[in-house]
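Q: Sharing start33.txt below, compact mmCIF, C-alpha atoms:
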```txt
# COMPACT_ATOMS: atom_id res chain seq x y z
CA MET J 1 -35.72 22.82 0.39
CA ALA J 2 -32.37 23.14 -1.33
CA LYS J 3 -32.27 22.66 -5.06
CA ARG J 4 -30.61 19.45 -6.17
CA LEU J 5 -27.62 20.35 -8.30
CA SER J 6 -25.65 18.26 -10.77
CA THR J 7 -21.90 17.78 -10.55
CA THR J 8 -21.28 20.39 -13.22
CA ASP J 9 -23.59 22.83 -11.42
CA VAL J 10 -21.51 22.40 -8.26
CA LEU J 11 -18.33 23.00 -10.26
CA GLN J 12 -19.82 26.17 -11.74
CA ALA J 13 -20.71 27.44 -8.26
CA ALA J 14 -17.21 26.61 -6.96
CA ALA J 15 -15.56 28.32 -9.93
CA ALA J 16 -17.26 31.66 -9.28
CA GLY J 17 -14.54 34.06 -8.17
CA ALA J 18 -11.91 31.29 -8.11
CA ASP J 19 -8.69 30.83 -10.06
CA GLY J 20 -9.61 27.17 -10.46
CA ALA J 21 -11.90 24.53 -8.94
CA GLU J 22 -12.35 20.77 -8.73
CA VAL J 23 -15.22 18.51 -7.67
CA TYR J 24 -14.49 14.92 -6.66
CA GLU J 25 -17.38 12.48 -6.15
CA GLN J 26 -17.32 8.92 -4.87
CA GLU J 27 -20.16 6.44 -4.49
CA ALA J 28 -19.45 3.04 -2.96
CA ASP J 29 -21.03 -0.03 -1.45
CA ALA J 30 -19.11 -2.49 0.70
CA ILE J 31 -19.56 -5.74 2.58
CA PRO J 32 -17.15 -6.44 5.45
CA VAL J 33 -17.30 -9.89 7.07
CA VAL J 34 -15.44 -10.61 10.31
CA PHE J 35 -14.64 -13.92 12.04
CA ARG J 36 -13.31 -13.83 15.61
CA ALA J 37 -11.99 -16.89 17.42
CA GLY J 38 -12.93 -18.86 14.31
CA GLU J 39 -16.62 -17.89 14.55
CA LEU J 40 -18.63 -15.50 12.40
CA ASP J 41 -18.79 -12.27 14.37
CA ALA J 42 -20.12 -9.54 12.09
CA VAL J 43 -21.56 -8.96 8.61
CA LYS J 44 -22.42 -5.50 7.32
CA VAL J 45 -23.67 -4.02 4.09
CA THR J 46 -22.76 -0.34 3.77
CA GLU J 47 -23.42 2.32 1.17
CA SER J 48 -21.74 5.70 1.06
CA ARG J 49 -21.36 8.68 -1.18
CA GLY J 50 -19.52 11.92 -0.76
CA ARG J 51 -18.36 15.02 -2.55
CA ALA J 52 -15.14 16.98 -2.10
CA VAL J 53 -14.56 20.49 -3.46
CA ARG J 54 -11.19 22.17 -3.90
CA VAL J 55 -10.81 25.77 -4.98
CA VAL J 56 -7.83 28.03 -5.62
CA ARG J 57 -8.53 31.65 -4.75
CA ARG J 58 -5.89 34.35 -4.94
CA GLY J 59 -3.23 31.65 -5.03
CA ARG J 60 -4.48 29.82 -1.92
CA LEU J 61 -6.00 26.35 -1.75
CA GLY J 62 -9.31 25.66 -0.01
CA TYR J 63 -10.94 22.30 0.63
CA ALA J 64 -14.30 21.03 1.96
CA THR J 65 -16.38 17.84 1.86
CA THR J 66 -20.01 16.86 2.23
CA THR J 67 -22.32 13.87 2.07
CA ASP J 68 -25.30 16.06 1.18
CA PHE J 69 -25.75 15.96 -2.58
CA ASP J 70 -28.85 18.17 -2.35
CA ASP J 71 -26.96 21.20 -1.04
CA ALA J 72 -24.04 22.64 -2.96
CA THR J 73 -24.01 26.03 -1.28
CA THR J 74 -22.55 24.92 2.04
CA VAL J 75 -19.63 22.87 0.71
CA VAL J 76 -18.69 25.53 -1.86
CA THR J 77 -18.85 28.28 0.79
CA ASN J 78 -16.75 26.22 3.19
CA ALA J 79 -14.11 25.56 0.52
CA ALA J 80 -13.96 29.28 -0.33
CA GLN J 81 -13.59 30.24 3.33
CA ALA J 82 -10.88 27.61 3.84
CA ALA J 83 -8.94 29.17 0.96
CA ARG J 84 -8.51 32.39 2.93
CA LEU J 85 -6.08 30.62 5.25
CA GLY J 86 -5.14 27.80 2.90
CA ASP J 87 -1.73 26.83 1.60
CA ALA J 88 -0.23 29.32 -0.83
CA VAL J 89 0.12 27.41 -4.08
CA ALA J 90 -0.87 28.45 -7.61
CA MET J 91 -1.97 24.91 -8.51
CA ASP J 92 -3.21 24.04 -11.99
CA PHE J 93 -5.76 21.25 -12.34
CA PRO J 94 -5.16 18.67 -15.12
CA ARG J 95 -6.89 19.13 -18.46
CA SER J 96 -7.35 15.47 -19.32
CA ALA J 97 -6.92 12.00 -17.90
CA SER J 98 -5.68 8.95 -19.77
CA ARG J 99 -8.08 7.67 -22.41
CA ASP J 100 -6.68 4.17 -22.14
CA GLY J 101 -8.57 2.10 -19.60
CA VAL J 102 -6.87 0.09 -16.88
CA PRO J 103 -8.35 -3.20 -15.58
CA VAL J 104 -9.64 -2.20 -12.13
CA TYR J 105 -13.23 -3.47 -12.26
CA ASP J 106 -14.27 -7.11 -12.05
CA GLU J 107 -17.92 -8.00 -12.41
CA ALA J 108 -17.38 -11.32 -10.64
CA LEU J 109 -16.05 -9.48 -7.58
CA ALA J 110 -18.88 -6.93 -7.72
CA ARG J 111 -21.42 -9.77 -7.65
CA LEU J 112 -20.04 -11.41 -4.50
CA THR J 113 -22.77 -11.53 -1.86
CA GLU J 114 -22.63 -11.71 1.93
CA ARG J 115 -23.01 -15.48 1.64
CA ASP J 116 -20.11 -15.70 -0.83
CA LEU J 117 -17.82 -13.73 1.48
CA ILE J 118 -18.86 -15.77 4.49
CA SER J 119 -18.02 -18.93 2.54
CA LEU J 120 -14.53 -17.61 1.81
CA GLY J 121 -13.99 -16.92 5.51
CA GLU J 122 -15.38 -20.30 6.50
CA GLU J 123 -12.97 -22.04 4.14
CA VAL J 124 -9.98 -20.31 5.74
CA VAL J 125 -11.25 -21.20 9.22
CA ALA J 126 -11.99 -24.83 8.34
CA ARG J 127 -8.60 -25.49 6.73
CA VAL J 128 -6.57 -23.86 9.48
CA LYS J 129 -8.64 -25.34 12.31
CA ALA J 130 -8.27 -28.79 10.76
CA PHE J 131 -4.55 -28.42 11.35
CA ASN J 132 -4.84 -27.04 14.88
CA PRO J 133 -8.28 -26.44 16.49
CA ARG J 134 -6.68 -24.58 19.43
CA LEU J 135 -5.63 -21.62 17.33
CA ASP J 136 -7.24 -18.25 17.97
CA LEU J 137 -8.21 -17.33 14.43
CA PHE J 138 -9.26 -13.90 13.12
CA VAL J 139 -10.41 -13.56 9.50
CA ASN J 140 -11.58 -10.42 7.70
CA VAL J 141 -13.15 -10.71 4.23
CA TYR J 142 -14.09 -7.56 2.35
CA ARG J 143 -15.64 -6.56 -0.96
CA GLU J 144 -16.25 -3.05 -2.30
CA THR J 145 -17.46 -1.49 -5.52
CA GLU J 146 -17.12 2.21 -6.23
CA GLU J 147 -17.60 4.80 -8.92
CA VAL J 148 -15.46 7.93 -8.99
CA ARG J 149 -15.99 11.11 -10.98
CA ILE J 150 -13.68 14.14 -11.13
CA VAL J 151 -14.52 17.40 -12.91
CA ASN J 152 -12.54 20.63 -12.88
CA THR J 153 -12.36 24.06 -14.45
CA SER J 154 -9.57 22.96 -16.82
CA GLY J 155 -12.13 20.88 -18.71
CA LEU J 156 -11.53 17.49 -17.12
CA ASP J 157 -14.48 15.11 -16.70
CA ALA J 158 -13.15 11.68 -15.73
CA ARG J 159 -15.09 8.65 -14.48
CA GLU J 160 -14.07 5.16 -13.43
CA ARG J 161 -15.74 2.10 -11.90
CA ARG J 162 -13.61 0.04 -9.54
CA THR J 163 -13.83 -3.05 -7.39
CA TYR J 164 -11.70 -3.95 -4.41
CA GLY J 165 -11.45 -6.98 -2.15
CA TYR J 166 -9.26 -8.73 0.34
CA ILE J 167 -8.94 -11.59 2.79
CA VAL J 168 -6.76 -11.08 5.87
CA ALA J 169 -6.20 -13.92 8.34
CA SER J 170 -4.39 -13.93 11.68
CA ALA J 171 -3.69 -17.15 13.61
CA MET J 172 -2.43 -16.99 17.20
CA ASP J 173 -0.97 -20.01 18.97
CA ALA J 174 -0.69 -19.33 22.71
CA ARG J 175 1.24 -21.78 24.84
CA GLU J 176 2.95 -21.50 28.18
CA GLY J 177 5.90 -19.17 27.71
CA ASP J 178 5.23 -18.67 24.01
CA ILE J 179 2.70 -16.64 22.03
CA PHE J 180 3.09 -16.81 18.26
CA THR J 181 0.94 -14.86 15.79
CA LEU J 182 1.03 -15.40 12.04
CA ILE J 183 -0.64 -13.12 9.46
CA ASP J 184 -1.33 -13.69 5.78
CA PHE J 185 -3.51 -11.93 3.22
CA CYS J 186 -4.53 -11.43 -0.38
CA PHE J 187 -5.53 -8.07 -1.89
CA SER J 188 -6.96 -7.60 -5.36
CA ARG J 189 -9.57 -5.96 -7.53
CA ARG J 190 -10.74 -9.24 -9.04
CA ALA J 191 -12.48 -12.23 -7.51
CA GLU J 192 -10.16 -14.93 -8.83
CA ASP J 193 -7.28 -13.56 -6.75
CA LEU J 194 -9.19 -13.95 -3.47
CA ASP J 195 -8.06 -17.55 -3.03
CA ALA J 196 -9.12 -18.63 0.46
CA ALA J 197 -7.74 -22.15 0.09
CA ALA J 198 -4.27 -20.97 -0.98
CA LEU J 199 -4.17 -18.42 1.84
CA ALA J 200 -5.12 -21.04 4.43
CA ASP J 201 -2.59 -23.52 3.06
CA ARG J 202 0.17 -20.90 3.32
CA LEU J 203 -0.77 -20.28 6.95
CA VAL J 204 -0.72 -24.00 7.75
CA ALA J 205 2.64 -24.51 6.05
CA ARG J 206 4.18 -21.71 8.13
CA LEU J 207 2.54 -22.93 11.32
CA LYS J 208 4.11 -26.35 10.76
CA LEU J 209 7.54 -24.77 10.36
CA ALA J 210 6.97 -22.68 13.47
CA ALA J 211 6.45 -25.78 15.61
CA ARG J 212 10.23 -26.16 15.78
CA GLN J 213 12.31 -23.47 17.47
CA ALA J 214 15.87 -22.45 16.75
CA ARG J 215 18.36 -19.98 18.15
CA VAL J 216 20.24 -17.62 15.87
CA THR J 217 23.86 -16.77 16.69
CA GLY J 218 23.47 -13.06 15.98
CA GLY J 219 25.94 -10.43 14.83
CA ARG J 220 26.08 -9.20 11.24
CA MET J 221 24.66 -11.83 8.91
CA PRO J 222 22.56 -12.42 5.79
CA VAL J 223 18.85 -11.73 6.25
CA VAL J 224 16.05 -12.53 3.81
CA PHE J 225 13.25 -9.95 3.88
CA ALA J 226 10.10 -11.57 2.50
CA LYS J 227 6.32 -11.16 2.71
CA LEU J 228 5.31 -8.48 5.24
CA GLY J 229 8.87 -8.47 6.55
CA ALA J 230 9.98 -6.73 3.35
CA MET J 231 7.93 -3.67 4.35
CA THR J 232 10.75 -3.00 6.82
CA LEU J 233 12.67 -1.92 3.73
CA PHE J 234 9.88 -0.43 1.64
CA LEU J 235 8.35 1.97 4.15
CA PRO J 236 11.56 4.07 4.22
CA LEU J 237 11.74 3.87 0.41
CA ILE J 238 8.14 5.08 0.10
CA ASN J 239 9.12 8.08 2.20
CA GLY J 240 12.40 8.58 0.38
CA PHE J 241 10.81 8.72 -3.08
CA ASN J 242 7.97 10.96 -1.90
CA GLY J 243 8.36 14.23 -3.81
CA ARG J 244 7.22 16.24 -0.80
CA GLN J 245 10.03 14.85 1.35
CA VAL J 246 12.47 15.53 -1.48
CA PHE J 247 11.22 19.11 -1.85
CA LEU J 248 11.42 19.71 1.91
CA GLY J 249 14.91 18.21 2.06
CA THR J 250 13.97 15.48 4.54
CA SER J 251 14.59 12.67 2.05
CA PRO J 252 18.16 11.33 1.92
CA LEU J 253 17.67 11.10 -1.86
CA LYS J 254 17.36 14.86 -2.38
CA GLY J 255 19.85 16.12 -4.95
CA ARG J 256 20.76 12.59 -6.05
CA LEU J 257 18.71 12.29 -9.24
CA GLY J 258 20.85 10.51 -11.82
CA GLU J 259 23.19 9.10 -9.17
CA ARG J 260 23.83 5.39 -8.64
CA ALA J 261 22.60 5.06 -5.06
CA PHE J 262 21.67 1.36 -5.08
CA ASP J 263 23.10 -1.93 -6.25
CA ARG J 264 23.04 -2.27 -10.05
CA ARG J 265 20.64 -5.22 -9.74
CA PHE J 266 18.03 -3.14 -7.94
CA ASN J 267 15.26 -1.82 -10.22
CA LEU J 268 12.12 -0.14 -8.91
CA VAL J 269 9.08 1.29 -10.70
CA ASP J 270 5.83 2.78 -9.48
CA ASP J 271 3.16 1.30 -11.71
CA GLY J 272 -0.15 3.15 -11.67
CA ARG J 273 -1.42 1.00 -14.54
CA PHE J 274 -0.66 -2.40 -13.06
CA PRO J 275 -3.74 -4.56 -13.84
CA TYR J 276 -6.04 -4.84 -10.81
CA GLY J 277 -3.55 -3.08 -8.54
CA THR J 278 -5.25 -1.66 -5.46
CA ARG J 279 -4.39 1.93 -6.44
CA SER J 280 -4.26 1.42 -10.19
CA GLY J 281 -6.52 3.34 -12.54
CA ALA J 282 -6.62 5.51 -15.62
CA PHE J 283 -6.06 8.50 -13.32
CA ASP J 284 -5.24 9.28 -9.71
CA ASP J 285 -7.56 11.01 -7.22
CA GLU J 286 -6.77 14.39 -8.78
CA GLY J 287 -7.45 13.33 -12.35
CA SER J 288 -3.79 13.22 -13.39
CA PRO J 289 -3.04 10.38 -15.84
CA ALA J 290 -1.63 7.23 -14.26
CA ALA J 291 1.58 5.80 -15.65
CA GLU J 292 4.42 3.36 -15.03
CA ARG J 293 7.36 5.46 -13.83
CA SER J 294 10.93 4.36 -13.23
CA LEU J 295 12.29 5.31 -9.83
CA VAL J 296 15.48 3.23 -9.84
CA GLU J 297 17.06 1.83 -12.99
CA ASP J 298 20.10 -0.42 -12.61
CA GLY J 299 20.72 1.24 -9.25
CA VAL J 300 20.42 4.79 -10.62
CA ILE J 301 17.77 7.16 -9.22
CA ARG J 302 15.51 8.17 -12.10
CA GLY J 303 12.57 9.94 -10.49
CA PHE J 304 10.31 10.74 -7.56
CA LEU J 305 6.56 10.77 -6.93
CA TYR J 306 4.46 13.95 -7.02
CA ASP J 307 0.88 15.09 -6.63
CA LEU J 308 -0.36 18.38 -8.13
CA LYS J 309 0.47 20.59 -5.15
CA THR J 310 3.94 19.18 -4.51
CA ALA J 311 4.80 19.16 -8.20
CA ARG J 312 3.97 22.86 -8.46
CA GLN J 313 6.10 23.64 -5.40
CA ALA J 314 9.00 21.62 -6.81
CA GLY J 315 8.71 23.10 -10.29
CA THR J 316 7.84 19.83 -11.99
CA ALA J 317 4.74 17.89 -13.13
CA SER J 318 2.48 15.53 -11.24
CA THR J 319 3.38 11.87 -11.71
CA GLY J 320 -0.22 10.77 -11.10
CA ASN J 321 0.43 9.98 -7.43
CA GLY J 322 -2.13 12.16 -5.70
CA PHE J 323 -4.29 9.81 -3.61
CA ARG J 324 -6.97 10.33 -0.98
CA CYS J 325 -5.65 7.74 1.41
CA THR J 326 -3.76 7.00 4.60
CA ALA J 327 -2.08 3.81 5.76
CA SER J 328 -5.44 2.49 7.03
CA ASN J 329 -8.15 4.45 5.21
CA ARG J 330 -9.14 5.93 1.88
CA GLY J 331 -12.03 7.99 0.57
CA TYR J 332 -13.42 11.31 -0.65
CA ASN J 333 -13.11 12.91 2.83
CA LEU J 334 -9.29 12.76 2.79
CA ARG J 335 -7.13 15.39 1.15
CA PRO J 336 -5.03 14.23 -1.81
CA ASP J 337 -1.44 13.51 -0.85
CA VAL J 338 1.63 11.92 -2.41
CA ALA J 339 1.49 8.13 -2.26
CA PRO J 340 2.67 5.18 -4.38
CA SER J 341 0.43 3.28 -6.77
CA THR J 342 2.19 -0.09 -6.85
CA PHE J 343 5.92 -0.33 -6.10
CA ARG J 344 7.29 -3.14 -8.25
CA VAL J 345 10.81 -4.54 -7.90
CA ARG J 346 12.26 -6.48 -10.82
CA PRO J 347 12.96 -10.08 -9.73
CA GLY J 348 16.41 -11.64 -9.95
CA GLU J 349 17.43 -14.64 -12.01
CA GLN J 350 18.22 -17.22 -9.32
CA PRO J 351 15.56 -19.08 -7.29
CA LEU J 352 15.57 -18.12 -3.62
CA ALA J 353 16.15 -21.74 -2.60
CA ALA J 354 19.35 -21.83 -4.64
CA VAL J 355 20.57 -18.58 -3.08
CA LEU J 356 19.90 -19.84 0.45
CA GLY J 357 21.54 -23.15 -0.36
CA GLY J 358 24.79 -21.30 -0.89
CA LEU J 359 24.67 -19.57 2.51
CA GLU J 360 25.93 -21.27 5.65
CA GLU J 361 23.36 -19.49 7.80
CA ALA J 362 20.68 -16.85 7.21
CA LEU J 363 17.64 -15.40 8.92
CA LEU J 364 14.34 -15.39 7.04
CA VAL J 365 12.14 -12.50 8.23
CA GLU J 366 8.49 -12.58 7.21
CA GLN J 367 6.98 -10.17 9.73
CA VAL J 368 8.27 -7.66 12.29
CA MET J 369 6.82 -5.80 15.25
CA GLY J 370 6.67 -2.00 15.28
CA LEU J 371 6.49 -1.71 11.51
CA GLY J 372 6.65 1.96 10.60
CA THR J 373 7.31 3.11 14.17
CA ALA J 374 10.69 1.60 15.07
CA GLY J 375 13.77 3.31 13.68
CA ASN J 376 13.69 6.42 11.48
CA GLN J 377 11.61 6.26 8.30
CA LEU J 378 13.24 9.38 6.88
CA THR J 379 16.88 8.32 7.27
CA GLY J 380 16.18 4.67 6.45
CA ASP J 381 17.31 3.33 9.82
CA PHE J 382 15.29 0.40 11.20
CA SER J 383 15.40 -1.63 14.39
CA ASN J 384 12.60 -4.15 14.74
CA THR J 385 11.75 -7.22 16.75
CA VAL J 386 11.12 -10.21 14.52
CA ALA J 387 7.53 -11.42 14.83
CA THR J 388 7.80 -14.23 12.28
CA GLY J 389 11.29 -15.41 11.42
CA PHE J 390 13.09 -18.66 10.65
CA LEU J 391 16.69 -19.75 10.90
CA VAL J 392 17.96 -21.20 7.61
CA ARG J 393 21.11 -23.33 7.32
CA ARG J 394 22.41 -24.30 3.89
CA GLY J 395 18.94 -23.82 2.40
CA GLU J 396 17.01 -25.76 5.05
CA ILE J 397 14.65 -24.10 7.53
CA VAL J 398 15.80 -25.21 10.98
CA GLY J 399 13.02 -23.59 13.01
CA ARG J 400 11.35 -20.43 14.23
CA VAL J 401 13.37 -17.83 16.11
CA LYS J 402 12.23 -15.96 19.23
CA ASN J 403 13.42 -12.82 21.02
CA THR J 404 15.35 -11.66 17.96
CA MET J 405 15.85 -8.18 16.52
CA VAL J 406 17.12 -6.92 13.16
CA ALA J 407 18.65 -3.50 12.56
CA GLY J 408 20.35 -1.59 9.79
CA ASN J 409 19.96 1.17 7.23
CA VAL J 410 17.88 0.45 4.16
CA TYR J 411 19.91 2.66 1.81
CA GLU J 412 23.27 1.26 2.88
CA LEU J 413 22.08 -2.33 2.67
CA LEU J 414 20.49 -1.92 -0.78
CA SER J 415 23.66 -0.19 -1.98
CA HIS J 416 26.40 -2.39 -0.54
CA GLY J 417 24.73 -5.44 1.01
CA LEU J 418 22.48 -6.91 -1.68
CA VAL J 419 23.28 -10.61 -2.07
CA ALA J 420 20.41 -11.54 -4.37
CA LEU J 421 16.81 -10.98 -5.36
CA GLY J 422 14.51 -13.97 -5.62
CA ASP J 423 13.23 -14.86 -9.07
CA GLN J 424 9.54 -14.67 -8.12
CA ALA J 425 7.73 -11.44 -7.14
CA GLU J 426 5.03 -11.68 -4.48
CA VAL J 427 2.48 -9.33 -2.98
CA VAL J 428 4.25 -7.80 0.01
CA ASP J 429 1.55 -5.27 0.84
CA ASP J 430 -1.42 -3.87 -1.06
CA VAL J 431 0.92 -1.36 -2.78
CA VAL J 432 4.19 -3.34 -3.01
CA MET J 433 5.17 -6.30 -5.19
CA SER J 434 8.67 -7.60 -4.72
CA PRO J 435 10.72 -10.79 -4.72
CA PRO J 436 12.40 -11.71 -1.41
CA LEU J 437 15.53 -9.58 -0.89
CA VAL J 438 18.65 -11.18 0.56
CA LEU J 439 20.82 -8.59 2.31
CA ASP J 440 24.15 -9.21 4.04
CA GLY J 441 25.46 -7.09 6.89
CA VAL J 442 22.16 -6.79 8.80
CA THR J 443 22.68 -6.58 12.54
CA VAL J 444 20.90 -9.46 14.29
CA VAL J 445 20.52 -9.58 18.07
CA SER J 446 19.11 -12.60 19.85
CA ALA J 447 18.37 -12.75 23.59
```
Once you've parsed the file, please lay out its structure as structure tokens.
A:
Amino acid sequence: MAKRLSTTDVLQAAAAGADGAEVYEQEADAIPVVFRAGELDAVKVTESRGRAVRVVRRGRLGYATTTDFDDATTVVTNAAQAARLGDAVAMDFPRSASRDGVPVYDEALARLTERDLISLGEEVVARVKAFNPRLDLFVNVYRETEEVRIVNTSGLDARERRTYGYIVASAMDAREGDIFTLIDFCFSRRAEDLDAAALADRLVARLKLAARQARVTGGRMPVVFAKLGAMTLFLPLINGFNGRQVFLGTSPLKGRLGERAFDRRFNLVDDGRFPYGTRSGAFDDEGSPAAERSLVEDGVIRGFLYDLKTARQAGTASTGNGFRCTASNRGYNLRPDVAPSTFRVRPGEQPLAAVLGGLEEALLVEQVMGLGTAGNQLTGDFSNTVATGFLVRRGEIVGRVKNTMVAGNVYELLSHGLVALGDQAEVVDDVVMSPPLVLDGVTVVSA
């Protein structure tokens, strides 16, 4: 029987013959609750733990993972073997993480039981079904607690407890010749932000507006990108400010540090210390200290995002943006990569209603189809069908639009087409907070 080894014992084994080594451990328990067609469909209680080892040997990086905490030999051997053909990078592991804590753990969220989560889902279902019982309603409620520990040969030993939760609801109204789907959500690391009633009320308000239909003229016109629709703009920006894309030369922002590339009113930070942000923490998944970093200040490019590996390649320092995540998953079994913590856009000074009241006609886009796949994320070009959009005339919503597309280039529009930013920031995605952005010159096509 293999000898059970502590985390530091595993690090010592990994460090033998290596230039440097790191051990990442994650233990988590989660409760996902799923409602389909308005009925409770599934409830699970899951527990997981895993260990990831990275080693640098002769200037090459090796990586391996395991769920077996009783056997260190196999994962260390696999990481060492992987280093033989690994990426050539003389990466240095961080010596210390931030000593200042960041609010990412909420005891009230950690205590939520299956029954509590079911009640949240039932409240969404009841409120939306009371408005329209014919709707096909999908609701996903989720709660997770985790503890992360990172140790490395530079002397780092960092730990953090975290909670995470969300409610996602999708309502589909299918009628003859018309299928309309509306999505809303709330993400947070504290229980008080998982407001089922507010989420359901937002869905109902939009469903009422969607009952009327309108036809947009088309051509180049003002478009308001709000809610999930704003991710049409932010996905290219996430790629553009990715230090790996900058280093490789595939970002259109390469070589433009210090240049005014956006409207003076556009200000963007990546805030790794935003309270209860879904990727906030005292440190990232490599142990580098988290921080609030300016990316765009008064339209001027001030920085990019880096993990340890990319920072070394680019001759700079990590910005604390090395995360073990993809667009749909996260965990110890994923390699660290460059990713944002929380993109935050500074709001404007004028209420959105006042801005729209001064426009003869505008299109409000709250969700698009083909997000992340239509257009070119590297160049900033987008061309998407509007999934949820409303025609607005002189500040009044006339009705929902159908068979409509929006197209343009994010960088050009944010440089020369910014009409206004709303005065209230909202959660656009789990890693983006932004006010609605009003952009003129967007190409709109309506069939």
Q: Considering all atoms listed in the file, tabulate each residue of range 42-146 of chain J that lies at most 12 Å from range 271-294 of chain J along with its nearest interatomic pair and the corresponding distance in Å to one decimal; arrange the rows by chain and ascending residue number and present them as a tab-separated table.
A:
```
residue	atom	partner	partner_atom	distance
J:Ala52	CA	J:Asp285	CA	10.9
J:Val53	CA	J:Glu286	CA	11.2
J:Arg54	CA	J:Glu286	CA	10.2
J:Met91	CA	J:Glu286	CA	11.6
J:Asp92	CA	J:Glu286	CA	10.8
J:Phe93	CA	J:Glu286	CA	7.8
J:Pro94	CA	J:Ser288	CA	5.9
J:Arg95	CA	J:Ser288	CA	8.4
J:Ser96	CA	J:Ser288	CA	7.3
J:Ala97	CA	J:Pro289	CA	4.7
J:Ser98	CA	J:Pro289	CA	4.9
J:Arg99	CA	J:Ala282	CA	7.3
J:Asp100	CA	J:Ala282	CA	6.7
J:Gly101	CA	J:Ala282	CA	5.6
J:Val102	CA	J:Gly281	CA	5.4
J:Pro103	CA	J:Pro275	CA	5.1
J:Val104	CA	J:Tyr276	CA	4.7
J:Tyr105	CA	J:Tyr276	CA	7.5
J:Asp106	CA	J:Tyr276	CA	8.6
J:Leu109	CA	J:Tyr276	CA	11.5
J:Glu144	CA	J:Thr278	CA	11.5
```
Q: May I have the selected residues written with C-alpha atoms, as a PDB file, keeping the file's coordinate frame?
A:
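That gives us out_32.pdb:
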```pdb
ATOM      1  CA  ALA J  52     -15.140  16.980  -2.100  1.00  0.00           C
ATOM      2  CA  VAL J  53     -14.560  20.490  -3.460  1.00  0.00           C
ATOM      3  CA  ARG J  54     -11.190  22.170  -3.900  1.00  0.00           C
ATOM      4  CA  MET J  91      -1.970  24.910  -8.510  1.00  0.00           C
ATOM      5  CA  ASP J  92      -3.210  24.040 -11.990  1.00  0.00           C
ATOM      6  CA  PHE J  93      -5.760  21.250 -12.340  1.00  0.00           C
ATOM      7  CA  PRO J  94      -5.160  18.670 -15.120  1.00  0.00           C
ATOM      8  CA  ARG J  95      -6.890  19.130 -18.460  1.00  0.00           C
ATOM      9  CA  SER J  96      -7.350  15.470 -19.320  1.00  0.00           C
ATOM     10  CA  ALA J  97      -6.920  12.000 -17.900  1.00  0.00           C
ATOM     11  CA  SER J  98      -5.680   8.950 -19.770  1.00  0.00           C
ATOM     12  CA  ARG J  99      -8.080   7.670 -22.410  1.00  0.00           C
ATOM     13  CA  ASP J 100      -6.680   4.170 -22.140  1.00  0.00           C
ATOM     14  CA  GLY J 101      -8.570   2.100 -19.600  1.00  0.00           C
ATOM     15  CA  VAL J 102      -6.870   0.090 -16.880  1.00  0.00           C
ATOM     16  CA  PRO J 103      -8.350  -3.200 -15.580  1.00  0.00           C
ATOM     17  CA  VAL J 104      -9.640  -2.200 -12.130  1.00  0.00           C
ATOM     18  CA  TYR J 105     -13.230  -3.470 -12.260  1.00  0.00           C
ATOM     19  CA  ASP J 106     -14.270  -7.110 -12.050  1.00  0.00           C
ATOM     20  CA  LEU J 109     -16.050  -9.480  -7.580  1.00  0.00           C
ATOM     21  CA  GLU J 144     -16.250  -3.050  -2.300  1.00  0.00           C
TER      22      GLU J 144
END
```
Q: Restricting the calculation to only C-alpha atoms, which member of J:Thr77, J:Ser170, J:Gln350, J:Gln424 is positioned closest to Gly17 in chain J?
A: J:Thr77
Q: What does the structure give for the distance between CA of Asp195 in chain J and CA of Asn321 in chain J, in Å to one decimal?
A: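 The value is 29.1 Å.
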Q: Report the distance between CA of Asn384 in chain J and CA of Met231 in chain J in Å, rounded to one decimal place.
A: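 It comes out at 11.4 Å.
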Q: Determine, counting only C-alpha atoms, which protein, DNA and RNA residues have an atom within 9 Å of an atom of Glu361 in chain J; residues of the same chain fewer than 4 positions away are not included. Present the result as a PyMOL selection string.
A: chain J and resi 216+221-222+356+391-395
Q: Output C-alpha atoms for every residue in that selection, as a PDB file, in the coordinates of the input.
A:
```pdb
ATOM      1  CA  VAL J 216      20.240 -17.620  15.870  1.00  0.00           C
ATOM      2  CA  MET J 221      24.660 -11.830   8.910  1.00  0.00           C
ATOM      3  CA  PRO J 222      22.560 -12.420   5.790  1.00  0.00           C
ATOM      4  CA  LEU J 356      19.900 -19.840   0.450  1.00  0.00           C
ATOM      5  CA  LEU J 391      16.690 -19.750  10.900  1.00  0.00           C
ATOM      6  CA  VAL J 392      17.960 -21.200   7.610  1.00  0.00           C
ATOM      7  CA  ARG J 393      21.110 -23.330   7.320  1.00  0.00           C
ATOM      8  CA  ARG J 394      22.410 -24.300   3.890  1.00  0.00           C
ATOM      9  CA  GLY J 395      18.940 -23.820   2.400  1.00  0.00           C
TER      10      GLY J 395
END
```
Q: At a cut-off of 9 Å from (20.8, -13.9, 3.1) in the coordinates of the file, what residues are picked up using only C-alpha atoms, written as a ChimeraX atom specification?
A: /J:221-225,355-356,359,361-364,418-420,437-440
Q: So, counting all atoms listed in the file, which residue among J:Leu413, J:Ala28, J:Ala169, J:Val124 is closest to Asp381 in chain J?
A: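 Nearest to Asp381 in chain J: J:Leu413.
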Q: When distances are computed from all atoms listed in the file, which of J:Ala314, J:Val428, J:Val151, J:Glu47 shows the smallest separation from Asp184 in chain J?
A: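 For Asp184 in chain J, the nearest of the given residues is J:Val428.
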Q: How many Å lie between CA of Arg244 in chain J and CA of Val432 in chain J, rounded to one decimal?
A: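 Separating CA of Arg244 in chain J from CA of Val432 in chain J is a distance of 19.9 Å.
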Q: Applying 10 Å and all atoms listed in the file, which residues near Gly399 in chain J remain after dropping the ones on its own chain fewer than 3 positions away? List them as a count of residues only.
A: 16
